[in-house]
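Trainee: Quick one: structure below, then a few questions.
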Amino acid sequence: MKKTLLLFLALLILAGCAPWIRTGGKHSAPAQNVSLDLPDGWMRYRTDEYLFVTRDGGNLQYIMVEAIHVDSQLKHTKKKFHRGMLPLELSEIIADNMSSNQAISGLKVVENKSAKIGGRQGFRAVMNYRNKDGLKIKSVYYGFMKDDWFYGVSYAAPLRHYFSRDVKTFEKVAASLSLIRK
Amino acid sequence: MRRATCILLLALFFSGCAATKLAPVTGPGFTKEEDEKRLWTRSEEEQAAIGRSDIIYRDKELDSYLNGVAAKLQPPGVYKLIPFKIVVIRNPYCNAFAYPNGAIYVHTGILSRMENEAQLATLLAHEMSHSTHRHQISGHRSFKNKAAFNASMRSTLGSIPAVGELTNILGDIGTAAAVTGHSRELESEADMEGLKLVIKAGYKAEEAPKLFEHIKAELEEEDAKEPFFFGSHPRLQDRIRNYNSYLKAQTGLKKGVINAETFRKKTAGAVLENAFLDLKAGRFKSALRGGEKFVSIRPGDPRGHYLMGEALRQRGDRGDAEAAEKHFRKALSANASYADAHKGLGLVYYKSGKKAKARDSFTTYLKLAPDARDRSYIQDYIAQSR
């Protein structure tokens with residue numbers, strides 16, 4: 001009996017620690033201050049740093065939502081977001097952050113235009129690059145600024161097969177995004 | 001992180017102590033040993049991977065110049081043993097590294113900082129000495145479990161911004177040479193052997209320690225967060241001291257050439273390229289310094305002023321908008337149809353509320369660059385400026 005109980009408790013603990021959670025439907029991410037519709041059957045990585053979902057694994061496709069405060073340091077560029085930045089300026093920072101990442105190469109911004117996201121004026125940039133394994137990746141990035149926070153929602157997948165397969169799913173996710181605290 | 005770095009440095013320190021000193025390739029009857037042959041083969045594979053990436057800065061005139069300077073430092077007999085080849089890579093951090101087979105990679109960051117050919121010769125001679133004195137194989141042999149060491153090194157370095165990622169492109173040998181450097185003993189040997197080559201080639205030896213002063217200046221500018229271990233402060237100070245004490249004991253060092261003007265002209269393109277890399281990386285101070293240097297070499301080229309205008313506009317400190325406007329105007333006075341300068345000017349005006357001027361600049365920009373990728377933004381800003 002004691003052994004069964006211990007086994008049950010161990011299973012409970014392990015289940016609680018599982019890094020991936022099956023997801024779908026309306027989802028609130030208070031840490032990112034966003035609410036959005038996640039695709040059914042995709043897996044969400046358990047972290048408060050960002051919202052990260054994938055269907056087949058991060059190397060094959062992912063959708064990521066991040067909220068970055070103006071005081072935060074970006075990973076690859078020392079540029080920072082400022083309150084009141086224009087969408088064009090925001091898109092330049094995102095592209096510069098990515099092109100300063102030496103794990104990727106040949107980054108090209110193939111499309112960059114103003115777009116509505118989360119009910120606000122922002123940008124939509126499409127970028128192509130090669131990852132560290134030399135695989136061609138295509139990425140779509142939406143971003144906008146609200147007060148002292150930059151919000152970004154992005155999708156990346158290998159150009160071949162995967163990008164076109166899930167890009168519509170991503171566009172639905174992006175279109176459903178709204179801020180929890182307006 | 002600090003703990004991991006300490007462990008790594010300790011490992012490197014002890015490995016340096018354990019390394020067996022090998023005779024240089026210029027010694028009598030030199031032949032490569034079996035593991036050395038394998039290291040050369042792996043080096044070639046790593047270099048092929050670097051060549052496939054987009055980090056190579058391609059400028060035939062500069063390559064020819066750099067290889068010409070290198071050829072002055074070593075006699076043809078040494079080139080038969082090690083076919084030295086100098087390649088420039090697009091990276092704004094001050095660094096250079098050598099493979100055992102003589103491939104030497106120089107970052108645009110250090111090229112941009114240096115002032116003359118004598119300093120360049122010091123850098124190349126130092127890196128060449130690593131290869132002629134077989135430092136890479138000495139270091140390689142000192143790690144018993146190389147795979148485990150490389151894995152832990154990559155894991156530690158991987159979290160260092162701007163450099164960790166470089167290890168994804170360089171292989172194990174390149175990472176060891178570029179990021180961790182060699183033991184103190186081997187670095188000192190390369191310094192002193194290199195210095196002898198510099199003096200022998202007729203360069204002004206007094207310029208040699210200035211090379212390390214540039215790296216030190218970058219460390220200080222970066223608030224001592226420079227991630228390359230070879231450039232860490234205590235070792236750098238030791239090296240500057242070593243150079244100076246060696247030079248004190250020599251005579252006739254005031255003589256010799258520095259070839260500053262040739263160097264500046266040949267490296268101008270790399271200086272500009274590096275300044276744009278600095279700008280992308282948000283290193284505004286470095287970008288502005290690079291822009292100023294480029295303008296001083298090629299005053300009639302609008303790109304230098306455009307770059308400075310962009311750096312100031314993007315930094316956005318007090319007074320930057322006004323200074324940016326001046327640089328954009330200077331760029332346009334050099335070339336009135338430089339589209340990007342019109343856009344920069346438009347953004348400065350737009351953000352400062354000068355809507356009519358913004359509209360004019362944006363309209364000119366779209367006229368000059370009808371297929372601009374950012375057309376939709378600019379059209380929005382024109383509409384909002386009416």
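For the structure tokens, the naming scheme is as follows: chains receive sequential letters (A, B, ...) according to their order of presentation, residues are indexed from 1 within each chain, and ligands are indexed from 1 in presentation order.
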Write out as a PyMOL selection string the residues lying within 9 Å of Lys26 (chain A), counting only C-alpha atoms and excluding same-chain residues fewer than 2 positions away.
Mentor: chain A and resi 24+28+35-38
Trainee: Go ahead and dump the residues you just picked, N, CA and C atoms, as a PDB file, in the first residue's frame.
Mentor:
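Wrote it out as selection-v9.pdb, contents follow:
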```pdb
ATOM      1  N   GLY A  24      -4.600  24.175 -26.647  1.00  0.00           N
ATOM      2  CA  GLY A  24      -5.633  24.427 -27.661  1.00  0.00           C
ATOM      3  C   GLY A  24      -6.714  25.318 -27.088  1.00  0.00           C
ATOM      4  N   SER A  28      -4.717  32.311 -21.744  1.00  0.00           N
ATOM      5  CA  SER A  28      -4.229  33.575 -21.174  1.00  0.00           C
ATOM      6  C   SER A  28      -2.810  33.382 -20.671  1.00  0.00           C
ATOM      7  N   SER A  35      -3.726  37.454 -24.307  1.00  0.00           N
ATOM      8  CA  SER A  35      -4.704  36.378 -24.384  1.00  0.00           C
ATOM      9  C   SER A  35      -4.841  36.051 -25.872  1.00  0.00           C
ATOM     10  N   LEU A  36      -4.931  34.772 -26.205  1.00  0.00           N
ATOM     11  CA  LEU A  36      -4.998  34.405 -27.627  1.00  0.00           C
ATOM     12  C   LEU A  36      -5.528  32.987 -27.784  1.00  0.00           C
ATOM     13  N   ASP A  37      -5.915  32.640 -28.999  1.00  0.00           N
ATOM     14  CA  ASP A  37      -6.411  31.291 -29.294  1.00  0.00           C
ATOM     15  C   ASP A  37      -5.248  30.437 -29.778  1.00  0.00           C
ATOM     16  N   LEU A  38      -4.985  29.358 -29.049  1.00  0.00           N
ATOM     17  CA  LEU A  38      -3.884  28.484 -29.463  1.00  0.00           C
ATOM     18  C   LEU A  38      -4.442  27.315 -30.277  1.00  0.00           C
TER      19      LEU A  38
END
```
Trainee: Find the residues around Leu60 (chain A) up to 12 Å (only C-alpha atoms counted), leave out those fewer than 3 positions away in its own chain, and share them as a list in words.
Mentor: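 Once the adjacent positions are removed, what remains is Val53, Thr54, Arg55, Asp56, Gly57, Ile63, Asn131, Leu135, Lys136, Ile137, Lys138, Ser139, Tyr155, Ala156, Ala157, Pro158, Leu159, Arg160, His161, Tyr162, Phe163, Ser164, Arg165 and Asp166 of chain A.
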Trainee: Find the residues near region 74-82 of chain A: any atom within 8 Å, counting only C-alpha atoms, skip ones fewer than 3 places away on the same chain, and give them as a list of chain:residue names.
Mentor: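 Counting only C-alpha atoms, the residues come to A:His69, A:Val70, A:Asp71, A:Met85, A:Leu90, A:Ile93, A:Asp96, A:Asn97, A:Met98, A:Ser100, A:Asn101, A:Asp148, A:Phe150, B:Pro161, B:Ala162, B:Lys280, B:Ala281, B:Gly282, B:Arg283, B:Arg315.
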Trainee: Those residues you just picked out, can you put them in a file as a short mmCIF file (atom, residue, chain, number, x, y, z; two decimals), in the first residue's frame with all heavy atoms?
Mentor:
```
data_model
loop_
_atom_site.label_atom_id
_atom_site.label_comp_id
_atom_site.auth_asym_id
_atom_site.auth_seq_id
_atom_site.Cartn_x
_atom_site.Cartn_y
_atom_site.Cartn_z
N HIS A 69 10.14 44.59 -21.90
CA HIS A 69 10.09 45.93 -21.30
C HIS A 69 11.18 46.81 -21.88
O HIS A 69 12.24 46.30 -22.28
CB HIS A 69 10.24 45.81 -19.77
CG HIS A 69 9.93 47.07 -19.05
ND1 HIS A 69 10.90 47.95 -18.65
CD2 HIS A 69 8.74 47.62 -18.69
CE1 HIS A 69 10.33 48.99 -18.05
NE2 HIS A 69 9.02 48.81 -18.06
N VAL A 70 10.95 48.10 -21.92
CA VAL A 70 11.95 49.02 -22.51
C VAL A 70 13.30 48.97 -21.78
O VAL A 70 14.33 49.26 -22.38
CB VAL A 70 11.46 50.49 -22.54
CG1 VAL A 70 10.37 50.69 -23.56
CG2 VAL A 70 11.01 50.96 -21.17
N ASP A 71 13.29 48.57 -20.52
CA ASP A 71 14.56 48.49 -19.79
C ASP A 71 15.31 47.17 -20.04
O ASP A 71 16.44 47.00 -19.59
CB ASP A 71 14.32 48.62 -18.27
CG ASP A 71 13.85 50.01 -17.91
OD1 ASP A 71 14.15 50.94 -18.68
OD2 ASP A 71 13.16 50.16 -16.88
N MET A 85 8.15 54.54 -29.96
CA MET A 85 8.85 54.19 -31.19
C MET A 85 7.86 53.90 -32.31
O MET A 85 6.78 53.34 -32.07
CB MET A 85 9.71 52.94 -30.98
CG MET A 85 11.11 53.25 -30.57
SD MET A 85 12.10 51.76 -30.52
CE MET A 85 13.73 52.49 -30.62
N LEU A 90 10.60 49.76 -34.66
CA LEU A 90 10.51 48.48 -33.93
C LEU A 90 10.97 47.33 -34.83
O LEU A 90 11.72 46.45 -34.39
CB LEU A 90 9.06 48.22 -33.48
CG LEU A 90 8.41 49.25 -32.57
CD1 LEU A 90 6.94 48.88 -32.33
CD2 LEU A 90 9.14 49.34 -31.23
N ILE A 93 14.68 47.13 -35.13
CA ILE A 93 15.36 46.55 -33.96
C ILE A 93 15.25 45.03 -33.99
O ILE A 93 16.23 44.31 -33.73
CB ILE A 93 14.78 47.13 -32.64
CG1 ILE A 93 15.19 48.60 -32.53
CG2 ILE A 93 15.28 46.33 -31.43
CD1 ILE A 93 14.81 49.26 -31.22
N ASP A 96 17.60 43.76 -36.63
CA ASP A 96 19.00 43.91 -36.20
C ASP A 96 19.35 42.91 -35.11
O ASP A 96 20.47 42.39 -35.07
CB ASP A 96 19.27 45.34 -35.71
CG ASP A 96 19.36 46.33 -36.86
OD1 ASP A 96 19.47 45.87 -38.01
OD2 ASP A 96 19.30 47.54 -36.61
N ASN A 97 18.39 42.64 -34.23
CA ASN A 97 18.65 41.64 -33.18
C ASN A 97 18.88 40.28 -33.81
O ASN A 97 19.79 39.55 -33.42
CB ASN A 97 17.46 41.59 -32.21
CG ASN A 97 17.77 40.75 -30.99
OD1 ASN A 97 18.84 40.87 -30.40
ND2 ASN A 97 16.86 39.87 -30.63
N MET A 98 18.07 39.97 -34.81
CA MET A 98 18.23 38.67 -35.47
C MET A 98 19.51 38.61 -36.29
O MET A 98 20.22 37.61 -36.27
CB MET A 98 17.01 38.37 -36.35
CG MET A 98 15.79 38.03 -35.51
SD MET A 98 14.33 37.69 -36.49
CE MET A 98 14.70 36.07 -37.14
N SER A 100 22.22 40.16 -35.78
CA SER A 100 23.41 40.16 -34.92
C SER A 100 23.60 38.80 -34.24
O SER A 100 24.58 38.59 -33.53
CB SER A 100 23.30 41.25 -33.85
OG SER A 100 23.26 42.52 -34.45
N ASN A 101 22.65 37.90 -34.43
CA ASN A 101 22.76 36.55 -33.89
C ASN A 101 23.60 35.71 -34.84
O ASN A 101 23.18 35.41 -35.95
CB ASN A 101 21.34 35.97 -33.76
CG ASN A 101 21.37 34.51 -33.33
OD1 ASN A 101 22.43 33.94 -33.09
ND2 ASN A 101 20.19 33.93 -33.24
N ASP A 148 5.38 51.08 -22.07
CA ASP A 148 6.78 50.69 -21.93
C ASP A 148 7.05 49.25 -22.35
O ASP A 148 8.11 48.70 -22.01
CB ASP A 148 7.22 50.87 -20.47
CG ASP A 148 7.41 52.34 -20.13
OD1 ASP A 148 7.56 53.14 -21.06
OD2 ASP A 148 7.38 52.67 -18.93
N PHE A 150 7.10 46.20 -25.38
CA PHE A 150 7.03 45.75 -26.77
C PHE A 150 6.42 44.34 -26.75
O PHE A 150 6.82 43.50 -25.94
CB PHE A 150 8.43 45.69 -27.39
CG PHE A 150 8.46 44.96 -28.71
CD1 PHE A 150 8.09 45.59 -29.88
CD2 PHE A 150 8.85 43.61 -28.78
CE1 PHE A 150 8.09 44.92 -31.09
CE2 PHE A 150 8.86 42.94 -29.99
CZ PHE A 150 8.47 43.59 -31.14
N PRO B 161 26.74 36.38 -24.77
CA PRO B 161 26.18 37.06 -25.94
C PRO B 161 27.26 37.42 -26.96
O PRO B 161 28.37 37.74 -26.60
CB PRO B 161 25.58 38.35 -25.35
CG PRO B 161 25.48 38.11 -23.91
CD PRO B 161 26.53 37.11 -23.54
N ALA B 162 26.89 37.39 -28.20
CA ALA B 162 27.72 37.83 -29.33
C ALA B 162 28.90 36.94 -29.64
O ALA B 162 29.49 37.03 -30.70
CB ALA B 162 28.23 39.26 -29.14
N LYS B 280 24.11 47.69 -36.09
CA LYS B 280 23.11 46.63 -35.92
C LYS B 280 23.17 46.05 -34.50
O LYS B 280 22.16 45.70 -33.92
CB LYS B 280 23.36 45.50 -36.92
CG LYS B 280 22.81 45.76 -38.30
CD LYS B 280 23.14 44.60 -39.21
CE LYS B 280 22.77 44.89 -40.65
NZ LYS B 280 21.33 44.92 -40.89
N ALA B 281 24.39 45.94 -33.98
CA ALA B 281 24.58 45.38 -32.64
C ALA B 281 24.27 46.39 -31.54
O ALA B 281 24.38 46.08 -30.36
CB ALA B 281 26.00 44.84 -32.49
N GLY B 282 23.93 47.62 -31.94
CA GLY B 282 23.58 48.64 -30.96
C GLY B 282 24.79 49.22 -30.25
O GLY B 282 24.67 49.84 -29.20
N ARG B 283 25.99 49.04 -30.83
CA ARG B 283 27.21 49.62 -30.24
C ARG B 283 27.41 50.99 -30.90
O ARG B 283 28.24 51.16 -31.79
CB ARG B 283 28.39 48.68 -30.50
CG ARG B 283 28.25 47.37 -29.73
CD ARG B 283 29.11 46.23 -30.26
NE ARG B 283 30.41 46.56 -30.75
CZ ARG B 283 31.56 46.10 -30.25
NH1 ARG B 283 31.55 45.30 -29.21
NH2 ARG B 283 32.69 46.41 -30.82
N ARG B 315 20.12 56.06 -31.75
CA ARG B 315 20.48 56.17 -30.32
C ARG B 315 19.48 57.06 -29.61
O ARG B 315 19.02 56.75 -28.51
CB ARG B 315 21.90 56.72 -30.18
CG ARG B 315 22.38 56.72 -28.73
CD ARG B 315 23.84 57.06 -28.64
NE ARG B 315 24.08 58.48 -28.97
CZ ARG B 315 25.28 59.05 -28.97
NH1 ARG B 315 26.35 58.33 -28.67
NH2 ARG B 315 25.43 60.32 -29.28
#
```
Trainee: Please provide the set of residues having any atom within 12 Å of Tyr105 (chain B), restricted to only C-alpha atoms, with same-chain residues fewer than 5 positions apart removed, written as a PyMOL selection string.
Mentor: chain B and resi 47+50-51+55-57+63+66-67+84-91+94-100+110-111+123-124+127-128+170+174-175+177-178
Trainee: Based on the selection just made, write N, CA and C atoms of those residues as an mmCIF file, in the first residue's frame.
Mentor:
```cif
data_model
loop_
_atom_site.group_PDB
_atom_site.id
_atom_site.type_symbol
_atom_site.label_atom_id
_atom_site.label_comp_id
_atom_site.auth_asym_id
_atom_site.auth_seq_id
_atom_site.Cartn_x
_atom_site.Cartn_y
_atom_site.Cartn_z
ATOM 1 N N GLN B 47 37.264 25.234 -42.091
ATOM 2 C CA GLN B 47 37.389 26.427 -42.941
ATOM 3 C C GLN B 47 36.389 26.396 -44.100
ATOM 4 N N ILE B 50 33.197 27.597 -42.654
ATOM 5 C CA ILE B 50 33.214 29.059 -42.488
ATOM 6 C C ILE B 50 32.978 29.724 -43.850
ATOM 7 N N GLY B 51 33.619 29.143 -44.874
ATOM 8 C CA GLY B 51 33.478 29.684 -46.223
ATOM 9 C C GLY B 51 32.045 29.628 -46.728
ATOM 10 N N ILE B 55 29.756 34.861 -43.099
ATOM 11 C CA ILE B 55 30.549 35.739 -42.224
ATOM 12 C C ILE B 55 31.827 36.253 -42.896
ATOM 13 N N ILE B 56 32.144 35.722 -44.066
ATOM 14 C CA ILE B 56 33.360 36.198 -44.747
ATOM 15 C C ILE B 56 33.100 37.579 -45.357
ATOM 16 N N TYR B 57 34.022 38.499 -45.102
ATOM 17 C CA TYR B 57 33.948 39.820 -45.727
ATOM 18 C C TYR B 57 34.770 39.756 -47.012
ATOM 19 N N ASP B 63 41.956 41.755 -49.447
ATOM 20 C CA ASP B 63 42.562 40.427 -49.268
ATOM 21 C C ASP B 63 43.983 40.416 -49.828
ATOM 22 N N LEU B 66 46.285 42.427 -47.481
ATOM 23 C CA LEU B 66 46.590 41.724 -46.227
ATOM 24 C C LEU B 66 47.552 40.564 -46.473
ATOM 25 N N ASN B 67 47.305 39.840 -47.558
ATOM 26 C CA ASN B 67 48.188 38.717 -47.854
ATOM 27 C C ASN B 67 49.577 39.204 -48.275
ATOM 28 N N PHE B 84 50.178 30.252 -45.708
ATOM 29 C CA PHE B 84 49.365 31.244 -44.973
ATOM 30 C C PHE B 84 48.339 31.902 -45.882
ATOM 31 N N LYS B 85 47.158 32.079 -45.349
ATOM 32 C CA LYS B 85 46.109 32.770 -46.105
ATOM 33 C C LYS B 85 45.305 33.614 -45.122
ATOM 34 N N ILE B 86 45.229 34.905 -45.423
ATOM 35 C CA ILE B 86 44.518 35.812 -44.518
ATOM 36 C C ILE B 86 43.104 36.039 -45.044
ATOM 37 N N VAL B 87 42.133 35.867 -44.169
ATOM 38 C CA VAL B 87 40.721 36.029 -44.543
ATOM 39 C C VAL B 87 40.068 36.971 -43.517
ATOM 40 N N VAL B 88 39.212 37.851 -44.016
ATOM 41 C CA VAL B 88 38.539 38.793 -43.097
ATOM 42 C C VAL B 88 37.129 38.286 -42.819
ATOM 43 N N ILE B 89 36.737 38.306 -41.558
ATOM 44 C CA ILE B 89 35.357 37.926 -41.245
ATOM 45 C C ILE B 89 34.587 39.097 -40.646
ATOM 46 N N ARG B 90 33.300 39.093 -40.968
ATOM 47 C CA ARG B 90 32.434 40.190 -40.530
ATOM 48 C C ARG B 90 32.059 39.968 -39.085
ATOM 49 N N ASN B 91 32.753 40.625 -38.200
ATOM 50 C CA ASN B 91 32.459 40.503 -36.773
ATOM 51 C C ASN B 91 32.994 41.764 -36.092
ATOM 52 N N CYS B 94 36.900 42.830 -31.427
ATOM 53 C CA CYS B 94 38.334 42.828 -31.709
ATOM 54 C C CYS B 94 38.905 41.426 -31.551
ATOM 55 N N ASN B 95 39.230 40.794 -32.637
ATOM 56 C CA ASN B 95 39.816 39.464 -32.510
ATOM 57 C C ASN B 95 40.439 39.020 -33.830
ATOM 58 N N ALA B 96 41.292 38.021 -33.736
ATOM 59 C CA ALA B 96 41.873 37.349 -34.894
ATOM 60 C C ALA B 96 42.306 35.977 -34.400
ATOM 61 N N PHE B 97 42.340 35.000 -35.275
ATOM 62 C CA PHE B 97 42.758 33.669 -34.828
ATOM 63 C C PHE B 97 43.338 32.883 -35.997
ATOM 64 N N ALA B 98 44.195 31.921 -35.642
ATOM 65 C CA ALA B 98 44.902 31.167 -36.678
ATOM 66 C C ALA B 98 44.633 29.678 -36.538
ATOM 67 N N TYR B 99 44.532 29.030 -37.661
ATOM 68 C CA TYR B 99 44.454 27.572 -37.694
ATOM 69 C C TYR B 99 45.871 27.024 -37.889
ATOM 70 N N PRO B 100 46.089 25.749 -37.562
ATOM 71 C CA PRO B 100 47.452 25.207 -37.700
ATOM 72 C C PRO B 100 47.949 25.202 -39.139
ATOM 73 N N ILE B 110 38.781 44.361 -35.371
ATOM 74 C CA ILE B 110 40.166 44.751 -35.056
ATOM 75 C C ILE B 110 40.767 45.544 -36.220
ATOM 76 N N LEU B 111 40.393 45.187 -37.447
ATOM 77 C CA LEU B 111 40.892 45.952 -38.611
ATOM 78 C C LEU B 111 40.467 47.407 -38.502
ATOM 79 N N LEU B 123 49.817 42.060 -35.613
ATOM 80 C CA LEU B 123 48.722 41.095 -35.449
ATOM 81 C C LEU B 123 48.979 39.841 -36.286
ATOM 82 N N LEU B 124 49.313 40.049 -37.557
ATOM 83 C CA LEU B 124 49.513 38.902 -38.447
ATOM 84 C C LEU B 124 50.716 38.064 -38.011
ATOM 85 N N GLU B 127 49.766 35.889 -35.084
ATOM 86 C CA GLU B 127 48.940 34.739 -35.465
ATOM 87 C C GLU B 127 49.752 33.719 -36.276
ATOM 88 N N MET B 128 50.622 34.225 -37.142
ATOM 89 C CA MET B 128 51.464 33.312 -37.932
ATOM 90 C C MET B 128 52.364 32.494 -37.013
ATOM 91 N N LEU B 170 32.229 28.389 -36.170
ATOM 92 C CA LEU B 170 33.581 27.846 -36.095
ATOM 93 C C LEU B 170 33.474 26.424 -35.564
ATOM 94 N N GLY B 174 38.654 26.106 -34.435
ATOM 95 C CA GLY B 174 38.437 27.552 -34.558
ATOM 96 C C GLY B 174 37.991 28.155 -33.242
ATOM 97 N N THR B 175 37.100 27.453 -32.537
ATOM 98 C CA THR B 175 36.621 27.965 -31.251
ATOM 99 C C THR B 175 37.771 28.081 -30.262
ATOM 100 N N ALA B 177 40.914 28.448 -30.917
ATOM 101 C CA ALA B 177 41.833 29.525 -31.300
ATOM 102 C C ALA B 177 41.198 30.901 -31.137
ATOM 103 N N ALA B 178 39.918 31.001 -31.509
ATOM 104 C CA ALA B 178 39.285 32.324 -31.554
ATOM 105 C C ALA B 178 38.791 32.786 -30.205
#
```
Trainee: From the options A:Tyr129, A:Tyr62, A:Phe52, A:Trp20, which residue's atoms come nearest to Asp54 (chain B), counting only C-alpha atoms?
Mentor: A:Tyr129
Trainee: Please compute the CA of Ala341 (chain B)-CA of Arg318 (chain B) distance, one decimal, in Å.
Mentor: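 Distance reported for this atom pair: 20.8 Å.
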Trainee: Hey, which of B:Lys326, B:Arg264, B:Arg386, B:Arg373 ends up closest to chain A? Count only C-alpha atoms.
Mentor: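 Smallest separation from chain A among the options: B:Arg373.
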Trainee: Identify which of the residues A:Thr23, A:Gln102, A:Gln73, A:Ser91 lies closest to chain B, counting only C-alpha atoms when measuring atom-to-atom distances.
Mentor: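 The answer is A:Gln102, which sits nearest to chain B.
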Trainee: I'd like the contact shell of Glu189 (chain B) - 10 Å cut-off, only C-alpha atoms, skipping same-chain residues fewer than 3 positions apart - returned as JSON, numbers by chain.
Mentor: {"B": [126, 129, 130, 133, 135, 183, 184, 185, 186, 192, 193, 194, 195]}
